[in-house]
Amino acid sequence: MGLRSLARSRLGTGGRGVLSIATPTVGGQLLLLVTAPVLARLYGPADFGVFTVVATLATMLGAVAALRFEQAVPLPAREHDAYGLVALGLGAALLTGVAGTVVVAAAGDAVAAAFGQPRLRSWLWAVPPTAAAMGALLVLNQLAIRHRRYGAIGRRNLLQSVSMLLTQLGTGAAGLRPGGLVLGLGIGQVAGTLMLLPGARLGDPGVRRARGWRLLCDTAHRYRRFPLVLAPSGLLNALGLQLPVLLIALWYGDAVAGWLGLAQRVLAAPATLLGAAVAQVYLGEFARAARGDVERARSIFLRASRKLALIAVPAAAVVIVAAPSAFTVLFGAAWANGGAYAQALAVGTAAHFVASPLSQTVVVLGRPGRQFAWDAGRLLLVTGAVLGTALAGAPARYAVWAFGVAAAVAYAVSWLVSLRTVTDAARAAGRERDAEPRRLVRQGEPG
């Protein structure tokens, strides 16, 4: 037996899923890390500033482009219902792209003027189609999770990274700045979406029947809490992540936005090496356990928490100690401030690495109200910290520190909310199980 086969034989289903996703993802993310110094020399801080604003807007819109129908795809017991949700999500993503294009045509000049970046106007057109591709990718990714197509997800991660990177390197070398960064983001999303289409079985006869108008209306009605509750919650979630970046870009200018954007890119790459894989496998395994054994689902939550924390804490310590000097050496003197920003974001990134994958617990266990309340609280906390620092006239570095610390506090609360939710569900299941024999005894007593 080869080493790979032996490793797989010793892993459970979740472990094999993590391996299938993480192995190709590691390759893609390592490429992004290795070539980051090249990109930093092809594009200046101002170029990254324009890209950061475009990417932030696209990410905010893309997070809710499918109206959160993708979150429901792993949940139904019947495949018929799952494919109805897929159709609804893809349709919503397409409509989001169309509506966003109309908005950019009408308000693009005003947005560019507000940020003081004339070059931004030329690339705002990329926001709607990129957001639509992000929404479609989320839908197909959740379908792959439902079917445990973890290998396909891993290959998608690799292709997405390689496509984005090759585009950004090629267009940067050709002098298309900052547009090469923007085009790379969009092409990466499209490539990832196309990678998941084979095997999705969207053309099967049974799947086509699930797209009938009446069936879609019925599915939309039964899962209406996802667009009505989770979509606003998802928008709040995206705003909590991205609005502080936009505020910093708006207040401190494109160079600061560029330093912040590169710092986030460098920190996100290693976090994605394992965090995304664990998140996707956790959702599939936790949702399956929650349907039949909530106490086992709680054990899955705690085990995933320990594994994530064992990675996040040492990594944050390394960034805090080494980032300022490492950025200067790797990216050049023009990017020294990016190292200080990475240092400021380290604790918040570590907390996000642990809490974000596990936050799906609240959705799976049917407590979207808690998620909505946390999203609203995080938005107020993080944006308030950044805005208050900026209004006080503090330097940009202080605003980034406020962003990082506030995010760390918010994600600590997120983890506690998830723990409380799964603990409540496990206790309720235990009480119901204990009450069942008493009900049977009472039913057997003579009247």
# chains A, B, ... in the order shown; residues from 1 in each chain; ligands from 1
>>> residues_around(residues="A:Ser161", least_positions_apart="3", cutoff="7 Å", atoms="only C-alpha atoms", output="JSON, numbers by chain")
{"A": [28, 29, 157, 158, 164, 165, 188]}
>>> residues_around(residues="A:Ala351", least_positions_apart="6", cutoff="9 Å", atoms="only C-alpha atoms", output="PDB file with N, CA, C and O atoms, in the first residue's frame")
ATOM      1  N   ALA A 309      -7.561  26.191  16.227  1.00  0.00           N
ATOM      2  CA  ALA A 309      -6.825  27.031  17.169  1.00  0.00           C
ATOM      3  C   ALA A 309      -5.349  26.655  17.223  1.00  0.00           C
ATOM      4  O   ALA A 309      -4.476  27.530  17.365  1.00  0.00           O
ATOM      5  N   ALA A 312      -3.937  28.504  14.284  1.00  0.00           N
ATOM      6  CA  ALA A 312      -4.087  29.960  14.231  1.00  0.00           C
ATOM      7  C   ALA A 312      -3.182  30.688  15.219  1.00  0.00           C
ATOM      8  O   ALA A 312      -2.577  31.717  14.883  1.00  0.00           O
ATOM      9  N   VAL A 313      -3.075  30.187  16.445  1.00  0.00           N
ATOM     10  CA  VAL A 313      -2.337  30.927  17.479  1.00  0.00           C
ATOM     11  C   VAL A 313      -0.845  31.047  17.152  1.00  0.00           C
ATOM     12  O   VAL A 313      -0.285  32.158  17.172  1.00  0.00           O
ATOM     13  N   ALA A 407     -12.101  43.232  15.047  1.00  0.00           N
ATOM     14  CA  ALA A 407     -12.456  41.982  14.372  1.00  0.00           C
ATOM     15  C   ALA A 407     -12.183  40.787  15.261  1.00  0.00           C
ATOM     16  O   ALA A 407     -12.976  39.826  15.306  1.00  0.00           O
ATOM     17  N   ALA A 408     -11.069  40.800  15.993  1.00  0.00           N
ATOM     18  CA  ALA A 408     -10.752  39.691  16.897  1.00  0.00           C
ATOM     19  C   ALA A 408     -11.829  39.527  17.968  1.00  0.00           C
ATOM     20  O   ALA A 408     -12.265  38.408  18.278  1.00  0.00           O
ATOM     21  N   VAL A 409     -12.273  40.634  18.541  1.00  0.00           N
ATOM     22  CA  VAL A 409     -13.332  40.581  19.560  1.00  0.00           C
ATOM     23  C   VAL A 409     -14.623  40.023  18.958  1.00  0.00           C
ATOM     24  O   VAL A 409     -15.301  39.159  19.544  1.00  0.00           O
ATOM     25  N   ALA A 410     -14.959  40.489  17.773  1.00  0.00           N
ATOM     26  CA  ALA A 410     -16.197  40.042  17.133  1.00  0.00           C
ATOM     27  C   ALA A 410     -16.168  38.546  16.839  1.00  0.00           C
ATOM     28  O   ALA A 410     -17.170  37.841  17.043  1.00  0.00           O
ATOM     29  N   TYR A 411     -15.036  38.023  16.375  1.00  0.00           N
ATOM     30  CA  TYR A 411     -14.977  36.598  16.048  1.00  0.00           C
ATOM     31  C   TYR A 411     -14.938  35.722  17.300  1.00  0.00           C
ATOM     32  O   TYR A 411     -15.398  34.576  17.272  1.00  0.00           O
ATOM     33  N   ALA A 412     -14.397  36.241  18.387  1.00  0.00           N
ATOM     34  CA  ALA A 412     -14.482  35.505  19.647  1.00  0.00           C
ATOM     35  C   ALA A 412     -15.944  35.344  20.062  1.00  0.00           C
ATOM     36  O   ALA A 412     -16.373  34.268  20.506  1.00  0.00           O
ATOM     37  N   TRP A 415     -17.644  32.645  17.890  1.00  0.00           N
ATOM     38  CA  TRP A 415     -17.376  31.277  18.332  1.00  0.00           C
ATOM     39  C   TRP A 415     -18.249  30.916  19.531  1.00  0.00           C
ATOM     40  O   TRP A 415     -18.804  29.818  19.617  1.00  0.00           O
TER      41      TRP A 415
END
>>> residues_around(residues="A:Gln71", least_positions_apart="5", cutoff="10 Å", atoms="only C-alpha atoms", output="CSV table (one decimal) with C-alpha atoms, in the first residue's frame")
chain,number,residue,atom,x,y,z
A,66,ALA,CA,-27.3,34.1,-4.9
A,85,LEU,CA,-32.2,25.5,-4.7
A,86,VAL,CA,-29.3,25.4,-7.2
A,89,GLY,CA,-29.3,30.5,-6.6
A,138,LEU,CA,-20.8,29.5,-4.2
A,139,VAL,CA,-23.9,27.6,-5.4
A,142,GLN,CA,-22.3,23.9,-2.0
A,143,LEU,CA,-23.7,21.3,-4.5
A,226,PHE,CA,-32.7,32.1,3.4
A,227,PRO,CA,-33.3,35.1,1.1
A,230,LEU,CA,-29.9,35.0,5.8
A,231,ALA,CA,-29.4,37.3,2.7
A,283,LEU,CA,-20.3,21.9,6.8
A,360,GLN,CA,-22.1,27.7,9.8
A,363,VAL,CA,-27.4,28.2,10.1
A,364,VAL,CA,-27.5,24.4,10.0
>>> residues_around(residues="A:Arg298", least_positions_apart="2", cutoff="10 Å", atoms="only C-alpha atoms", output="PDB file with N, CA and C atoms, in the first residue's frame")
ATOM      1  N   PHE A 286     -20.970  18.184   9.505  1.00  0.00           N
ATOM      2  CA  PHE A 286     -21.804  18.670  10.593  1.00  0.00           C
ATOM      3  C   PHE A 286     -23.283  18.611  10.214  1.00  0.00           C
ATOM      4  N   ALA A 289     -24.445  15.042  10.451  1.00  0.00           N
ATOM      5  CA  ALA A 289     -24.592  14.601  11.842  1.00  0.00           C
ATOM      6  C   ALA A 289     -25.783  15.275  12.515  1.00  0.00           C
ATOM      7  N   ALA A 290     -26.002  16.557  12.216  1.00  0.00           N
ATOM      8  CA  ALA A 290     -27.083  17.296  12.858  1.00  0.00           C
ATOM      9  C   ALA A 290     -28.451  16.745  12.502  1.00  0.00           C
ATOM     10  N   ASP A 293     -27.890  13.029  14.864  1.00  0.00           N
ATOM     11  CA  ASP A 293     -27.223  12.889  16.158  1.00  0.00           C
ATOM     12  C   ASP A 293     -26.572  14.219  16.519  1.00  0.00           C
ATOM     13  N   VAL A 294     -27.336  15.078  17.218  1.00  0.00           N
ATOM     14  CA  VAL A 294     -26.849  16.417  17.523  1.00  0.00           C
ATOM     15  C   VAL A 294     -25.686  16.370  18.511  1.00  0.00           C
ATOM     16  N   GLU A 295     -25.683  15.396  19.416  1.00  0.00           N
ATOM     17  CA  GLU A 295     -24.578  15.295  20.364  1.00  0.00           C
ATOM     18  C   GLU A 295     -23.267  14.984  19.637  1.00  0.00           C
ATOM     19  N   ARG A 296     -23.325  14.142  18.607  1.00  0.00           N
ATOM     20  CA  ARG A 296     -22.133  13.892  17.800  1.00  0.00           C
ATOM     21  C   ARG A 296     -21.734  15.164  17.040  1.00  0.00           C
ATOM     22  N   ILE A 300     -18.092  17.163  16.856  1.00  0.00           N
ATOM     23  CA  ILE A 300     -17.439  17.607  15.623  1.00  0.00           C
ATOM     24  C   ILE A 300     -17.049  19.077  15.741  1.00  0.00           C
ATOM     25  N   PHE A 301     -17.938  19.887  16.310  1.00  0.00           N
ATOM     26  CA  PHE A 301     -17.663  21.320  16.494  1.00  0.00           C
ATOM     27  C   PHE A 301     -16.444  21.537  17.383  1.00  0.00           C
ATOM     28  N   LEU A 302     -16.393  20.864  18.520  1.00  0.00           N
ATOM     29  CA  LEU A 302     -15.294  21.054  19.462  1.00  0.00           C
ATOM     30  C   LEU A 302     -13.973  20.549  18.885  1.00  0.00           C
ATOM     31  N   ARG A 303     -14.021  19.430  18.181  1.00  0.00           N
ATOM     32  CA  ARG A 303     -12.797  18.890  17.594  1.00  0.00           C
ATOM     33  C   ARG A 303     -12.249  19.834  16.531  1.00  0.00           C
ATOM     34  N   ALA A 304     -13.141  20.391  15.692  1.00  0.00           N
ATOM     35  CA  ALA A 304     -12.709  21.340  14.671  1.00  0.00           C
ATOM     36  C   ALA A 304     -12.158  22.614  15.306  1.00  0.00           C
ATOM     37  N   THR A 361     -22.507  26.589  11.891  1.00  0.00           N
ATOM     38  CA  THR A 361     -23.257  25.833  12.884  1.00  0.00           C
ATOM     39  C   THR A 361     -24.624  26.455  13.137  1.00  0.00           C
ATOM     40  N   SER A 418     -21.783  30.176  18.370  1.00  0.00           N
ATOM     41  CA  SER A 418     -21.874  28.855  17.749  1.00  0.00           C
ATOM     42  C   SER A 418     -21.856  27.754  18.803  1.00  0.00           C
ATOM     43  N   LEU A 419     -20.974  27.889  19.798  1.00  0.00           N
ATOM     44  CA  LEU A 419     -20.915  26.898  20.871  1.00  0.00           C
ATOM     45  C   LEU A 419     -22.227  26.846  21.635  1.00  0.00           C
ATOM     46  N   THR A 421     -25.164  27.616  20.552  1.00  0.00           N
ATOM     47  CA  THR A 421     -26.213  27.058  19.698  1.00  0.00           C
ATOM     48  C   THR A 421     -26.157  25.541  19.636  1.00  0.00           C
ATOM     49  N   VAL A 422     -24.974  24.984  19.421  1.00  0.00           N
ATOM     50  CA  VAL A 422     -24.866  23.525  19.319  1.00  0.00           C
ATOM     51  C   VAL A 422     -25.060  22.874  20.686  1.00  0.00           C
ATOM     52  N   THR A 423     -24.667  23.536  21.779  1.00  0.00           N
ATOM     53  CA  THR A 423     -24.888  22.996  23.118  1.00  0.00           C
ATOM     54  C   THR A 423     -26.375  22.967  23.453  1.00  0.00           C
ATOM     55  N   ASP A 424     -27.090  24.043  23.124  1.00  0.00           N
ATOM     56  CA  ASP A 424     -28.541  24.073  23.350  1.00  0.00           C
ATOM     57  C   ASP A 424     -29.235  22.964  22.572  1.00  0.00           C
ATOM     58  N   ALA A 425     -28.819  22.764  21.325  1.00  0.00           N
ATOM     59  CA  ALA A 425     -29.440  21.729  20.504  1.00  0.00           C
ATOM     60  C   ALA A 425     -29.169  20.341  21.071  1.00  0.00           C
ATOM     61  N   ALA A 426     -27.936  20.108  21.548  1.00  0.00           N
ATOM     62  CA  ALA A 426     -27.601  18.799  22.118  1.00  0.00           C
ATOM     63  C   ALA A 426     -28.386  18.544  23.395  1.00  0.00           C
TER      64      ALA A 426
END
>>> residues_around(residues="A:Gly172", least_positions_apart="6", cutoff="12 Å", atoms="only C-alpha atoms", output="list in words")
Val38, Leu39, Ala40, Arg41, Leu42, Tyr43, Gly44, Asp47, Phe48, Met164, Leu165, Leu166, Pro178, Gly179, Gly180, Leu181, Val182, Leu183 and Gly184 of chain A
>>> residues_around(residues="A:Phe327", least_positions_apart="5", cutoff="7 Å", atoms="only C-alpha atoms", output="ChimeraX atom specification")
/A:335-336,338-339
>>> atom_distance(atom1="atom CA of A:Arg288", atom2="atom CA of A:Ile311")
25.5 Å
>>> closest_residue(among="A:Ala114, A:Ala77, A:Ala402, A:Val104", to="A:Gly253", atoms="only C-alpha atoms")
A:Ala114
>>> closest_residue(among="A:Asp254, A:Phe403, A:Gly388, A:Gly91", to="A:Ala220", atoms="only C-alpha atoms")
A:Gly91
>>> closest_residue(among="A:Leu202, A:Ala174, A:Ala136, A:Leu159", to="A:Glu79", atoms="only C-alpha atoms")
A:Leu202
>>> select_by_dssp(residues="stretch 136-236 of chain A", states="helix (DSSP H, G or I)", output="ChimeraX atom specification")
/A:136-146,150-173,179-196,205-210,213-222,225-236
>>> atom_distance(atom1="atom CA of A:Ala131", atom2="atom CA of A:Gly97")
6.7 Å
>>> closest_residue(among="A:Thr349, A:Thr389, A:Gln242, A:Thr35", to="A:Ala268", atoms="only C-alpha atoms")
A:Thr349
>>> atom_distance(atom1="atom CA of A:Phe115", atom2="atom CA of A:Ala93")
26.9 Å
